[in-house]
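Asks: Sharing final_30.csv (CSV, C-alpha atoms) below.
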```
chain,number,residue,atom,x,y,z
C,21,MET,CA,0.0,0.0,0.0
C,22,PRO,CA,1.5,3.4,-0.9
C,23,LEU,CA,2.5,5.6,2.0
C,24,THR,CA,-0.2,8.2,1.4
C,25,HIS,CA,-2.9,5.5,1.2
C,26,ARG,CA,-1.5,3.9,4.4
C,27,ARG,CA,-1.7,7.2,6.2
C,28,SER,CA,-5.2,7.8,5.1
C,29,PHE,CA,-6.2,4.3,6.2
C,30,CYS,CA,-4.6,4.7,9.6
C,31,ALA,CA,-6.3,8.1,10.1
C,32,ALA,CA,-9.7,6.6,9.2
C,33,MET,CA,-9.2,3.7,11.6
C,34,LEU,CA,-8.2,6.0,14.4
C,35,GLY,CA,-11.2,8.2,13.7
C,36,ALA,CA,-13.5,5.1,13.8
C,37,ALA,CA,-12.0,4.0,17.1
C,38,ALA,CA,-12.4,7.5,18.6
C,39,ALA,CA,-16.0,7.6,17.5
C,40,THR,CA,-16.9,4.5,19.5
C,41,SER,CA,-16.4,6.4,22.8
C,42,ARG,CA,-19.7,8.1,23.8
C,43,ALA,CA,-21.7,9.4,26.7
C,44,LEU,CA,-24.2,7.1,28.4
C,45,PHE,CA,-25.7,10.0,30.3
C,46,ASN,CA,-26.9,13.3,28.7
C,47,GLY,CA,-26.7,15.4,31.8
C,48,ARG,CA,-30.4,16.3,31.7
C,49,ASP,CA,-32.6,13.2,32.2
C,50,LEU,CA,-32.5,9.4,32.5
C,51,ALA,CA,-33.1,8.7,28.8
C,52,GLY,CA,-31.5,5.3,28.0
C,53,TRP,CA,-31.7,4.1,31.6
C,54,THR,CA,-34.3,2.2,33.5
C,55,ALA,CA,-34.8,2.0,37.3
C,56,HIS,CA,-35.4,-1.5,38.8
C,57,ALA,CA,-36.6,-2.7,42.2
C,58,HIS,CA,-36.6,0.1,44.8
C,59,GLY,CA,-34.5,3.3,45.3
C,60,LEU,CA,-34.9,6.8,44.0
C,61,TRP,CA,-32.9,8.0,41.0
C,62,THR,CA,-32.9,11.7,40.0
C,63,VAL,CA,-30.9,14.1,37.9
C,64,GLU,CA,-29.6,17.0,40.0
C,65,ASP,CA,-27.3,19.7,38.7
C,66,GLY,CA,-26.2,17.5,35.8
C,67,VAL,CA,-25.4,14.4,37.8
C,68,ILE,CA,-27.3,11.2,38.5
C,69,ALA,CA,-28.2,10.9,42.2
C,70,GLY,CA,-29.4,7.7,44.0
C,71,ARG,CA,-31.1,7.6,47.4
C,72,SER,CA,-33.1,5.1,49.5
C,73,ASP,CA,-36.8,5.3,49.1
C,74,HIS,CA,-38.1,5.6,52.7
C,75,ALA,CA,-41.6,4.6,51.6
C,76,ARG,CA,-40.2,1.4,50.0
C,77,PRO,CA,-36.9,0.5,51.6
C,78,GLY,CA,-34.6,-2.0,49.8
C,79,PRO,CA,-31.9,-2.0,47.2
C,80,GLY,CA,-32.5,-0.4,43.8
C,81,TYR,CA,-30.8,-0.4,40.5
C,82,LEU,CA,-30.4,1.9,37.6
C,83,LEU,CA,-29.3,0.0,34.4
C,84,THR,CA,-28.7,1.0,30.8
C,85,ASN,CA,-31.3,-0.2,28.4
C,86,GLU,CA,-28.4,-1.2,26.1
C,87,GLN,CA,-26.3,-4.2,26.8
C,88,PHE,CA,-22.5,-4.5,26.2
C,89,THR,CA,-19.8,-7.2,25.7
C,90,GLY,CA,-16.3,-5.8,25.6
C,91,PHE,CA,-16.0,-2.2,26.8
C,92,ARG,CA,-14.2,0.5,28.8
C,93,LEU,CA,-16.4,2.4,31.1
C,94,GLU,CA,-15.3,5.7,32.7
C,95,LEU,CA,-17.1,7.8,35.3
C,96,ASP,CA,-16.8,9.9,38.4
C,97,PHE,CA,-18.6,8.9,41.6
C,98,TRP,CA,-19.3,10.6,44.9
C,99,VAL,CA,-20.6,8.8,48.0
C,100,SER,CA,-21.7,10.3,51.3
C,101,ARG,CA,-20.1,9.4,54.5
C,102,GLY,CA,-20.9,5.8,55.5
C,103,GLY,CA,-22.5,5.2,52.1
C,104,ASN,CA,-22.5,1.9,50.1
C,105,SER,CA,-23.1,1.6,46.4
C,106,GLY,CA,-21.7,-0.1,43.3
C,107,VAL,CA,-21.3,-0.2,39.6
C,108,TYR,CA,-22.7,-3.2,37.7
C,109,VAL,CA,-21.0,-4.6,34.6
C,110,ARG,CA,-22.4,-7.1,32.2
C,111,GLN,CA,-25.7,-7.5,34.2
C,112,PRO,CA,-28.3,-9.2,31.9
C,113,ILE,CA,-31.6,-7.5,32.0
C,114,ARG,CA,-34.2,-9.6,33.8
C,115,ARG,CA,-36.8,-9.2,36.6
C,116,PHE,CA,-35.3,-7.7,39.7
C,117,THR,CA,-36.6,-7.5,43.3
C,118,THR,CA,-35.0,-6.6,46.6
C,119,LYS,CA,-34.4,-10.1,48.0
C,120,GLY,CA,-32.3,-13.2,47.4
C,121,ASP,CA,-31.1,-14.1,43.9
C,122,GLU,CA,-33.6,-11.8,42.3
C,123,ARG,CA,-31.2,-8.9,43.3
C,124,ALA,CA,-28.7,-7.8,40.7
C,125,ALA,CA,-25.4,-9.7,40.5
C,126,GLN,CA,-26.6,-12.6,42.6
C,127,ARG,CA,-27.2,-15.4,40.1
C,128,PRO,CA,-24.5,-17.6,38.5
C,129,THR,CA,-25.3,-16.2,35.1
C,130,ASP,CA,-25.4,-12.5,36.3
C,131,GLY,CA,-22.8,-9.8,35.9
C,132,HIS,CA,-20.7,-8.4,38.8
C,133,GLU,CA,-20.8,-5.4,41.1
C,134,ILE,CA,-17.8,-3.2,41.4
C,135,GLN,CA,-18.1,-2.0,45.0
C,136,ILE,CA,-18.2,1.6,46.2
C,137,ASP,CA,-17.8,1.4,50.0
C,138,TYR,CA,-15.1,2.9,52.2
C,139,ASN,CA,-16.3,1.1,55.3
C,140,ASP,CA,-16.6,-2.7,54.5
C,141,PRO,CA,-13.2,-4.5,54.9
C,142,LYS,CA,-14.6,-7.5,53.0
C,143,ASN,CA,-15.5,-5.4,50.0
C,144,TYR,CA,-13.8,-2.0,50.0
C,145,THR,CA,-14.2,0.3,47.0
C,146,GLY,CA,-12.8,-1.3,43.9
C,147,ALA,CA,-13.7,-4.9,45.0
C,148,VAL,CA,-15.4,-7.2,42.6
C,149,TYR,CA,-18.1,-7.8,45.2
C,150,ASN,CA,-17.6,-11.1,47.1
C,151,PHE,CA,-15.1,-12.3,44.4
C,152,SER,CA,-12.0,-10.2,44.5
C,153,LYS,CA,-10.8,-7.7,47.1
C,154,PRO,CA,-9.0,-4.5,45.8
C,155,SER,CA,-5.2,-4.5,46.1
C,156,LYS,CA,-5.4,-1.1,47.7
C,157,VAL,CA,-8.1,1.4,48.8
C,158,VAL,CA,-8.0,4.5,46.6
C,159,GLY,CA,-10.3,7.6,46.8
C,160,ALA,CA,-12.5,8.8,49.6
C,161,GLU,CA,-16.0,9.6,50.7
C,162,GLU,CA,-17.6,13.0,50.0
C,163,ARG,CA,-15.4,13.9,47.1
C,164,TRP,CA,-15.4,13.1,43.4
C,165,ASN,CA,-13.4,10.0,42.5
C,166,HIS,CA,-12.6,8.8,38.9
C,167,CYS,CA,-13.3,5.1,38.1
C,168,ALA,CA,-12.3,3.2,34.9
C,169,ILE,CA,-13.6,-0.3,34.4
C,170,GLU,CA,-12.6,-2.4,31.5
C,171,CYS,CA,-14.2,-5.7,30.5
C,172,ARG,CA,-12.4,-7.7,27.8
C,173,GLY,CA,-13.3,-11.4,27.3
C,174,PRO,CA,-13.5,-13.0,30.7
C,175,ARG,CA,-11.5,-10.4,32.5
C,176,VAL,CA,-12.2,-7.1,34.3
C,177,THR,CA,-9.8,-4.4,35.5
C,178,VAL,CA,-10.7,-1.6,37.8
C,179,ARG,CA,-8.8,1.6,38.2
C,180,ILE,CA,-9.6,4.3,40.8
C,181,ASP,CA,-8.1,7.8,40.3
C,182,GLY,CA,-5.7,6.2,37.8
C,183,GLU,CA,-4.5,3.4,40.1
C,184,LEU,CA,-5.0,-0.3,39.2
C,185,VAL,CA,-6.9,-1.8,42.2
C,186,ASN,CA,-8.4,-5.0,40.7
C,187,ASP,CA,-7.7,-7.5,37.9
C,188,PHE,CA,-10.2,-10.3,38.0
C,189,ALA,CA,-11.2,-13.3,35.9
C,190,PRO,CA,-13.4,-15.1,35.0
C,191,LEU,CA,-16.4,-12.9,34.7
C,192,ARG,CA,-19.7,-14.9,34.8
C,193,SER,CA,-21.7,-13.1,32.1
C,194,PRO,CA,-20.4,-12.4,28.6
C,195,ARG,CA,-22.8,-9.6,28.0
C,196,GLY,CA,-25.1,-7.3,29.9
C,197,ALA,CA,-26.0,-3.8,31.0
C,198,VAL,CA,-24.0,-1.4,33.1
C,199,GLY,CA,-25.5,0.4,35.9
C,200,PHE,CA,-25.6,1.6,39.5
C,201,GLN,CA,-26.9,0.5,42.9
C,202,VAL,CA,-28.8,2.1,45.8
C,203,HIS,CA,-27.9,-0.3,48.7
C,204,GLY,CA,-29.7,-1.4,51.8
C,205,GLN,CA,-32.8,-3.3,53.0
C,206,GLN,CA,-33.4,-0.6,55.6
C,207,ALA,CA,-34.2,3.1,54.8
C,208,HIS,CA,-31.2,5.3,55.1
C,209,GLY,CA,-30.0,8.8,54.2
C,210,HIS,CA,-26.9,8.0,52.2
C,211,VAL,CA,-26.5,9.5,48.7
C,212,VAL,CA,-24.4,8.3,45.7
C,213,LYS,CA,-23.8,10.4,42.6
C,214,PHE,CA,-22.4,9.7,39.2
C,215,ARG,CA,-21.3,12.0,36.4
C,216,ASN,CA,-19.1,12.0,33.2
C,217,ILE,CA,-20.3,8.5,32.2
C,218,LEU,CA,-18.5,7.4,29.1
C,219,ILE,CA,-18.3,4.1,27.4
C,220,GLU,CA,-16.0,2.9,24.6
C,221,ALA,CA,-17.3,-0.4,23.1
```
Turn this file's structure into structure tokens for me.

Replies:
Amino acid sequence: MPLTHRRSFCAAMLGAAAATSRALFNGRDLAGWTAHAHGLWTVEDGVIAGRSDHARPGPGYLLTNEQFTGFRLELDFWVSRGGNSGVYVRQPIRRFTTKGDERAAQRPTDGHEIQIDYNDPKNYTGAVYNFSKPSKVVGAEERWNHCAIECRGPRVTVRIDGELVNDFAPLRSPRGAVGFQVHGQQAHGHVVKFRNILIEA
């Protein structure tokens, strides 16, 4: 291939790769997302906020309508002091409730939860919940933290504020939605927030 054609081909390929990175959240409303089980999900000042629904306590989930296979997900998260949340990867869409294996990430064919919790020694922030502890605890409550999660084949890597904290395989599900959790069977006042949600698939 002539050099000029090769350069044009490479530029086109790079442009195509860059075009695959896109926002999952428009900053205005929850278009493209669906809430499941309990919990309250709102858009406030351009960020997604999750809270416990005191009228209907119990865990809740906000999942993308679209499902993904291999991807890199980047986002910022903020959790109030003592809060507990998570990011779901490759969670197949099905019926969800607040108990047992009808909760998200509980069945053998489900996706996994990447934990957000600075208080649980068994599953600190960056854990693949109940499967792999983080190598270190990075970030903090009540400030914005950056998270990058990459799923390729059977493997997931998790980076918090640029630091690799988890590298786990095998993932249970080959494909599914990404999303967020409001934790807890009891009503509580904790808040979790998400912004700058980008996916490259």

Asks: Mind pulling up the distance from CA of Phe116 in chain C to CA of Trp61 in chain C?

Replies: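 Separation between CA of Trp61 in chain C and CA of Phe116 in chain C: 15.9 Å.
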
Asks: Would you mind telling me which residue in C:Val212, C:Ser155, C:Gly78, C:Arg92 lies nearest to Asp137 in chain C when using only C-alpha atoms?

Replies: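 Closest to Asp137 in chain C of all the choices is C:Val212.
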
Asks: I'd like the interatomic distance between CA of Gly106 in chain C and CA of Ile169 in chain C, to a tenth of an Å.

Replies: 12.0 Å

Asks: For a quick check of understanding, using all atoms listed in the file, which of C:His208, C:Arg195, C:His74, C:Arg215 has the smallest distance to Tyr108 in chain C?

Replies: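 The shortest atom-to-atom distance to Tyr108 in chain C comes from C:Arg195.
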
Asks: For a test of reading the model, state the distance in Å between CA of Asn85 in chain C and CA of Arg175 in chain C, rounded to one decimal.

Replies: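 These atoms are spaced 22.6 Å apart.
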
Asks: Give as a PyMOL selection string the set of residues within 9 Å of the point (-21.3, 8.9, 46.8), where distances use the file's coordinates and all atoms listed in the file.

Replies: chain C and resi 69-70+97-101+103-105+136-137+161-164+210-214

Asks: Keeping only C-alpha atoms, take the residues you just selected and write them out as a PDB file, in the frame of the given file.

Replies:
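Saved result, part30.pdb, follows:
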```pdb
ATOM      1  CA  ALA C  69     -28.200  10.900  42.200  1.00  0.00           C
ATOM      2  CA  GLY C  70     -29.400   7.700  44.000  1.00  0.00           C
ATOM      3  CA  PHE C  97     -18.600   8.900  41.600  1.00  0.00           C
ATOM      4  CA  TRP C  98     -19.300  10.600  44.900  1.00  0.00           C
ATOM      5  CA  VAL C  99     -20.600   8.800  48.000  1.00  0.00           C
ATOM      6  CA  SER C 100     -21.700  10.300  51.300  1.00  0.00           C
ATOM      7  CA  ARG C 101     -20.100   9.400  54.500  1.00  0.00           C
ATOM      8  CA  GLY C 103     -22.500   5.200  52.100  1.00  0.00           C
ATOM      9  CA  ASN C 104     -22.500   1.900  50.100  1.00  0.00           C
ATOM     10  CA  SER C 105     -23.100   1.600  46.400  1.00  0.00           C
ATOM     11  CA  ILE C 136     -18.200   1.600  46.200  1.00  0.00           C
ATOM     12  CA  ASP C 137     -17.800   1.400  50.000  1.00  0.00           C
ATOM     13  CA  GLU C 161     -16.000   9.600  50.700  1.00  0.00           C
ATOM     14  CA  GLU C 162     -17.600  13.000  50.000  1.00  0.00           C
ATOM     15  CA  ARG C 163     -15.400  13.900  47.100  1.00  0.00           C
ATOM     16  CA  TRP C 164     -15.400  13.100  43.400  1.00  0.00           C
ATOM     17  CA  HIS C 210     -26.900   8.000  52.200  1.00  0.00           C
ATOM     18  CA  VAL C 211     -26.500   9.500  48.700  1.00  0.00           C
ATOM     19  CA  VAL C 212     -24.400   8.300  45.700  1.00  0.00           C
ATOM     20  CA  LYS C 213     -23.800  10.400  42.600  1.00  0.00           C
ATOM     21  CA  PHE C 214     -22.400   9.700  39.200  1.00  0.00           C
TER      22      PHE C 214
END
```

Asks: C:Ala207, C:Ile134, C:Ala197, C:Val158: which is nearest Gly90 in chain C, counting only C-alpha atoms?

Replies: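 Checking each candidate against Gly90 in chain C, we get C:Ala197 as the closest.
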
Asks: Considering only C-alpha atoms, state which residue in the set C:His56, C:Asn186, C:Ile68, C:Arg115 is at the smallest distance from Val148 in chain C.

Replies: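 Using only C-alpha atoms, Val148 in chain C sits closest to C:Asn186.
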
Asks: Find the residue from C:Arg71, C:Arg110, C:Arg179, C:His203 that sits nearest to Glu86 in chain C; use all atoms listed in the file when measuring.

Replies: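 Among the listed residues, the smallest separation from Glu86 in chain C belongs to C:Arg110.
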
Asks: Find the spatial neighbours of Asn46 in chain C, counting only C-alpha atoms, within a cut-off of 10 Å - ignore same-chain residues fewer than 5 positions away - and output them as an MDAnalysis selection string.

Replies: chainID C and resid 51:52 66:67 215:217

Asks: Convert the current residue selection to file output with C-alpha atoms, as a PDB file, in the coordinates of the input.

Replies:
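To be explicit, this is the file written out as part-v6.pdb:
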```pdb
ATOM      1  CA  ALA C  51     -33.100   8.700  28.800  1.00  0.00           C
ATOM      2  CA  GLY C  52     -31.500   5.300  28.000  1.00  0.00           C
ATOM      3  CA  GLY C  66     -26.200  17.500  35.800  1.00  0.00           C
ATOM      4  CA  VAL C  67     -25.400  14.400  37.800  1.00  0.00           C
ATOM      5  CA  ARG C 215     -21.300  12.000  36.400  1.00  0.00           C
ATOM      6  CA  ASN C 216     -19.100  12.000  33.200  1.00  0.00           C
ATOM      7  CA  ILE C 217     -20.300   8.500  32.200  1.00  0.00           C
TER       8      ILE C 217
END
```

Asks: Please, which residues are within 9 Å of (-32.0, 4.4, 32.6) by the file's coordinates, counting all atoms listed in the file, and could they come as a PyMOL selection string?

Replies: chain C and resi 45+49-55+82-85+199

Asks: Ranking C:Glu220, C:Gln205, C:Ser41, C:Ile180 by minimum distance to Arg76 in chain C and counting all atoms listed in the file, which one comes first?

Replies: C:Gln205

Asks: Any idea what's packed within 9 Å of Phe151 in chain C, counting all atoms listed in the file, ignoring anything in its chain fewer than 6 positions away? Could you give it as a list of chain:residue names?

Replies: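 Near Phe151 in chain C, the qualifying residues are C:His132, C:Asn143, C:Phe188.
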
Asks: Using only C-alpha atoms, which residues sit within 10 Å of Thr40 in chain C once same-chain residues fewer than 6 positions away are excluded, as a PyMOL selection string?

Replies: chain C and resi 91+219-221
